[in-house]
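Student: Below you'll find data.txt; it's compact mmCIF, C-alpha atoms.
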# COMPACT_ATOMS: atom_id res chain seq x y z
CA MET A 1 13.87 6.24 -1.96
CA ASN A 2 15.84 5.42 -5.06
CA HIS A 3 13.94 6.93 -8.01
CA ALA A 4 15.73 5.13 -10.86
CA GLY A 5 15.31 1.63 -12.19
CA ARG A 6 12.66 -1.02 -11.94
CA ILE A 7 11.02 -2.25 -8.76
CA LEU A 8 10.84 -5.96 -7.99
CA CYS A 9 8.07 -7.32 -5.78
CA VAL A 10 7.87 -10.56 -3.80
CA ASP A 11 4.69 -12.13 -2.49
CA TYR A 12 6.28 -14.36 0.17
CA GLY A 13 4.92 -17.84 0.74
CA THR A 14 6.28 -20.80 2.67
CA VAL A 15 6.33 -22.98 -0.48
CA ARG A 16 6.88 -20.44 -3.24
CA ALA A 17 7.24 -16.70 -3.71
CA GLY A 18 5.35 -14.82 -6.39
CA ILE A 19 7.42 -12.32 -8.37
CA ALA A 20 6.46 -9.17 -10.24
CA VAL A 21 8.50 -6.37 -11.74
CA SER A 22 7.70 -2.83 -12.79
CA ASP A 23 8.47 -1.22 -16.10
CA LEU A 24 11.26 1.40 -16.22
CA THR A 25 8.80 4.26 -15.74
CA ARG A 26 7.43 2.58 -12.60
CA THR A 27 3.91 2.76 -13.99
CA PHE A 28 2.93 -0.86 -14.60
CA ALA A 29 3.52 -4.13 -12.74
CA GLN A 30 3.99 -7.37 -14.62
CA PRO A 31 3.84 -10.83 -13.03
CA LYS A 32 6.82 -13.14 -13.55
CA GLU A 33 7.32 -16.81 -12.75
CA TYR A 34 7.26 -17.77 -9.09
CA ILE A 35 10.38 -19.01 -7.33
CA LYS A 36 10.55 -21.95 -4.95
CA ASN A 37 11.08 -21.06 -1.30
CA ASP A 38 13.87 -23.31 -0.01
CA GLY A 39 14.46 -21.21 3.11
CA LEU A 40 15.22 -17.54 3.70
CA ARG A 41 18.92 -17.71 2.84
CA LEU A 42 18.41 -19.45 -0.52
CA LEU A 43 15.33 -17.34 -1.28
CA SER A 44 17.30 -14.15 -0.65
CA ILE A 45 20.01 -15.29 -3.07
CA LYS A 46 17.40 -16.05 -5.77
CA ILE A 47 15.76 -12.65 -5.20
CA SER A 48 19.10 -10.82 -5.40
CA GLU A 49 19.79 -12.58 -8.71
CA LEU A 50 16.38 -11.49 -10.06
CA ILE A 51 17.10 -7.94 -8.93
CA ARG A 52 20.36 -8.03 -10.87
CA GLN A 53 18.73 -9.57 -13.97
CA THR A 54 15.86 -7.06 -14.03
CA GLU A 55 18.10 -4.13 -13.08
CA SER A 56 15.77 -3.29 -10.20
CA SER A 57 16.83 -0.78 -7.58
CA VAL A 58 14.07 -1.33 -5.01
CA LEU A 59 12.49 -4.46 -3.57
CA VAL A 60 8.90 -4.49 -2.32
CA ILE A 61 7.84 -7.39 -0.11
CA GLY A 62 4.15 -7.98 0.61
CA LEU A 63 3.38 -7.76 4.31
CA PRO A 64 0.39 -9.90 5.28
CA LYS A 65 -2.09 -7.96 7.37
CA LYS A 66 -5.48 -8.98 8.62
CA LEU A 67 -8.54 -6.93 7.75
CA ASN A 68 -8.34 -5.25 11.18
CA GLY A 69 -4.79 -4.06 10.37
CA SER A 70 -2.92 -6.44 12.65
CA GLU A 71 -0.09 -8.44 11.14
CA GLY A 72 -0.81 -11.91 9.82
CA ARG A 73 1.11 -15.16 9.61
CA GLU A 74 4.66 -15.23 8.33
CA THR A 75 5.50 -11.65 9.34
CA GLU A 76 8.55 -12.81 11.29
CA ASN A 77 9.97 -14.43 8.13
CA ILE A 78 9.17 -11.34 6.09
CA TYR A 79 10.97 -9.03 8.53
CA SER A 80 13.93 -11.44 8.47
CA LEU A 81 13.94 -11.45 4.65
CA LYS A 82 13.87 -7.65 4.61
CA LYS A 83 16.84 -7.53 6.98
CA ILE A 84 18.83 -10.02 4.87
CA MET A 85 18.13 -8.12 1.65
CA GLU A 86 19.15 -4.78 3.17
CA GLU A 87 22.18 -5.92 5.18
CA ASP A 88 23.65 -8.71 3.04
CA PHE A 89 22.71 -7.45 -0.42
CA SER A 90 22.37 -3.66 0.15
CA ILE A 91 18.94 -3.64 -1.51
CA GLU A 92 16.51 -0.89 -0.58
CA THR A 93 13.52 -2.86 0.72
CA VAL A 94 9.96 -1.72 1.38
CA LEU A 95 7.27 -3.72 3.15
CA TRP A 96 3.83 -3.15 1.60
CA ASP A 97 0.37 -4.14 2.81
CA GLU A 98 -0.80 -7.14 0.82
CA ARG A 99 -4.34 -7.40 2.20
CA LEU A 100 -6.69 -9.15 -0.22
CA SER A 101 -4.07 -9.41 -2.98
CA THR A 102 -4.44 -13.19 -3.23
CA VAL A 103 -8.24 -12.91 -3.21
CA SER A 104 -8.05 -10.33 -6.03
CA ALA A 105 -5.60 -12.52 -7.96
CA GLU A 106 -7.86 -15.57 -7.61
CA LYS A 107 -10.85 -13.57 -8.82
CA ALA A 108 -8.94 -12.25 -11.83
CA LEU A 109 -7.70 -15.72 -12.75
CA LEU A 110 -11.17 -17.24 -12.36
CA GLU A 111 -12.61 -14.57 -14.67
CA SER A 112 -9.99 -15.48 -17.28
CA ASN A 113 -11.35 -19.07 -17.38
CA MET A 114 -7.90 -20.44 -16.60
CA SER A 115 -7.66 -24.07 -15.53
CA ARG A 116 -7.20 -24.87 -11.83
CA LYS A 117 -3.66 -26.14 -12.49
CA LYS A 118 -2.67 -22.95 -14.33
CA ARG A 119 -4.28 -20.78 -11.63
CA LYS A 120 -2.19 -22.54 -8.98
CA GLU A 121 0.97 -21.83 -11.00
CA LYS A 122 0.12 -18.16 -11.59
CA ILE A 123 -1.68 -16.98 -8.45
CA ASP A 124 1.38 -16.01 -6.39
CA SER A 125 2.90 -13.90 -9.14
CA VAL A 126 -0.42 -12.29 -10.04
CA ALA A 127 -0.80 -11.42 -6.33
CA ALA A 128 2.73 -9.95 -6.41
CA ALA A 129 1.74 -7.84 -9.43
CA ILE A 130 -1.33 -6.57 -7.55
CA ILE A 131 0.81 -5.66 -4.52
CA LEU A 132 3.36 -3.93 -6.75
CA GLN A 133 0.71 -2.07 -8.74
CA ASN A 134 -0.78 -0.76 -5.48
CA TYR A 135 2.67 0.42 -4.44
CA LEU A 136 3.37 2.01 -7.84
CA ASP A 137 0.05 3.85 -7.72
CA TYR A 138 0.90 5.10 -4.24
CA ILE A 139 4.36 6.42 -5.11
CA SER A 140 3.08 8.15 -8.25
CA GLU A 141 0.35 10.00 -6.33
CA PRO A 142 1.43 13.64 -5.87
CA ILE A 143 1.49 14.75 -2.23
CA ALA A 144 -0.65 17.77 -3.18
CA LYS A 145 -3.61 15.48 -3.96
CA LEU A 146 -3.68 14.15 -0.43
CA SER A 147 -6.19 15.85 1.83
CA PHE A 148 -5.94 16.06 5.58
Kindly transcribe the structure held in the file into structure tokens.

Tutor:
Amino acid sequence: MNHAGRILCVDYGTVRAGIAVSDLTRTFAQPKEYIKNDGLRLLSIKISELIRQTESSVLVIGLPKKLNGSEGRETENIYSLKKIMEEDFSIETVLWDERLSTVSAEKALLESNMSRKKRKEKIDSVAAAIILQNYLDYISEPIAKLSF
């Protein structure tokens, strides 16, 4: 894995994709504005532009899994997006379990007393930030702390 630069995260949706980006130290995830999903090809171009703008070196894409661990809806599109990003744009791409990220995002936004309209605008990117923060926490965890 590339250890330099920011990490960009996408929470893929059929209508829009939530976006989050890490800080340079890869410690904190910050939600950004969502981008409209106009199909995989156009979405991949928009993502590659965001990667360039944020100087990110790794892309994380949320992989929807059911509570039992099986893959959820949209996984075919997500695997296709990963392939496009790696082959056409040479972007290191990681798929990361996104279970309950949208539920957690909704809960956080409800607790902030945000209006329904604002929640709808923010939920995808807050979910992307939750996915990315989970990934950042994982990659910062020293192997020695893991027990077998």

Student: Given all atoms listed in the file as the basis, pick out the residue of A:Thr54, A:Ser140, A:Ser125, A:Thr14 nearest to A:Thr75.

Tutor: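 Going through A:Thr54, A:Ser140, A:Ser125, A:Thr14 one by one, the smallest distance to A:Thr75 is for A:Thr14.
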
Student: A:Glu49, A:Asp124, A:Glu55, A:Glu87: which is nearest A:Ser22, counting all atoms listed in the file?

Tutor: A:Glu55

Student: List as a PyMOL selection string the residues having at least one atom at most 10 Å from position (14.8, -18.8, 5.5) as given in the file, counting all atoms listed in the file.

Tutor: chain A and resi 14+37-44+77-78+80-81+84

Student: My list of candidates is A:Ile7, A:Ile131, A:Leu24, A:Leu136. Which is closest to A:Leu50 when distances are computed with all atoms listed in the file?

Tutor: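 Among the listed residues, A:Ile7 lies closest to A:Leu50.
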
Student: Quote the spacing between atom CA of A:Pro31 and atom CA of A:Cys9 in Å to one decimal place.

Tutor: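 Distance between the two atoms: 9.1 Å.
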
Student: Around all the atoms of stretch 76-85 of chain A listed in the file, draw an axis-aligned box and extend it by 4 Å on each of the six sides; I want its centre and edge lengths in Å to one decimal, as lines of an AutoDock Vina configuration file.

Tutor:
center_x = 13.7
center_y = -11.0
center_z = 6.5
size_x = 18.3
size_y = 14.9
size_z = 17.6

Student: Please measure the separation of atom CA of A:Tyr138 and atom CA of A:Gln53, giving the value in Å to one decimal.

Tutor: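 Computing it gives 25.1 Å between the two atoms.
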
Student: Considering only C-alpha atoms, state which residue in the set A:Ile61, A:Ala4, A:Val94, A:Ile45 is at the smallest distance from A:Ala127.

Tutor: A:Ile61

Student: To one decimal in Å, tell me the separation between atom CA of A:Val126 and atom CA of A:Phe89.

Tutor: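 Going from atom CA of A:Val126 over to atom CA of A:Phe89, I get 25.5 Å.
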
Student: Have a look at A:Ile51, A:Pro64, A:Ala29, A:Lys83 and name the one nearest to A:Tyr12; count only C-alpha atoms.

Tutor: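 Of A:Ile51, A:Pro64, A:Ala29, A:Lys83, the one nearest A:Tyr12, counting only C-alpha atoms, is A:Pro64.
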
Student: Kindly indicate which residue among A:Lys32, A:Lys82, A:Arg6, A:Arg26 lies nearest to A:Gly62, using all atoms listed in the file for the distances.

Tutor: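 Smallest distance to A:Gly62 is found for A:Lys82.
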
Student: Would you kindly return, as a ChimeraX atom specification, each protein, DNA or RNA residue with an atom no farther than 7 Å from any atom of A:Val58, considering all atoms listed in the file and excluding same-chain residues fewer than 6 positions away?

Tutor: /A:2,7-8,91-93
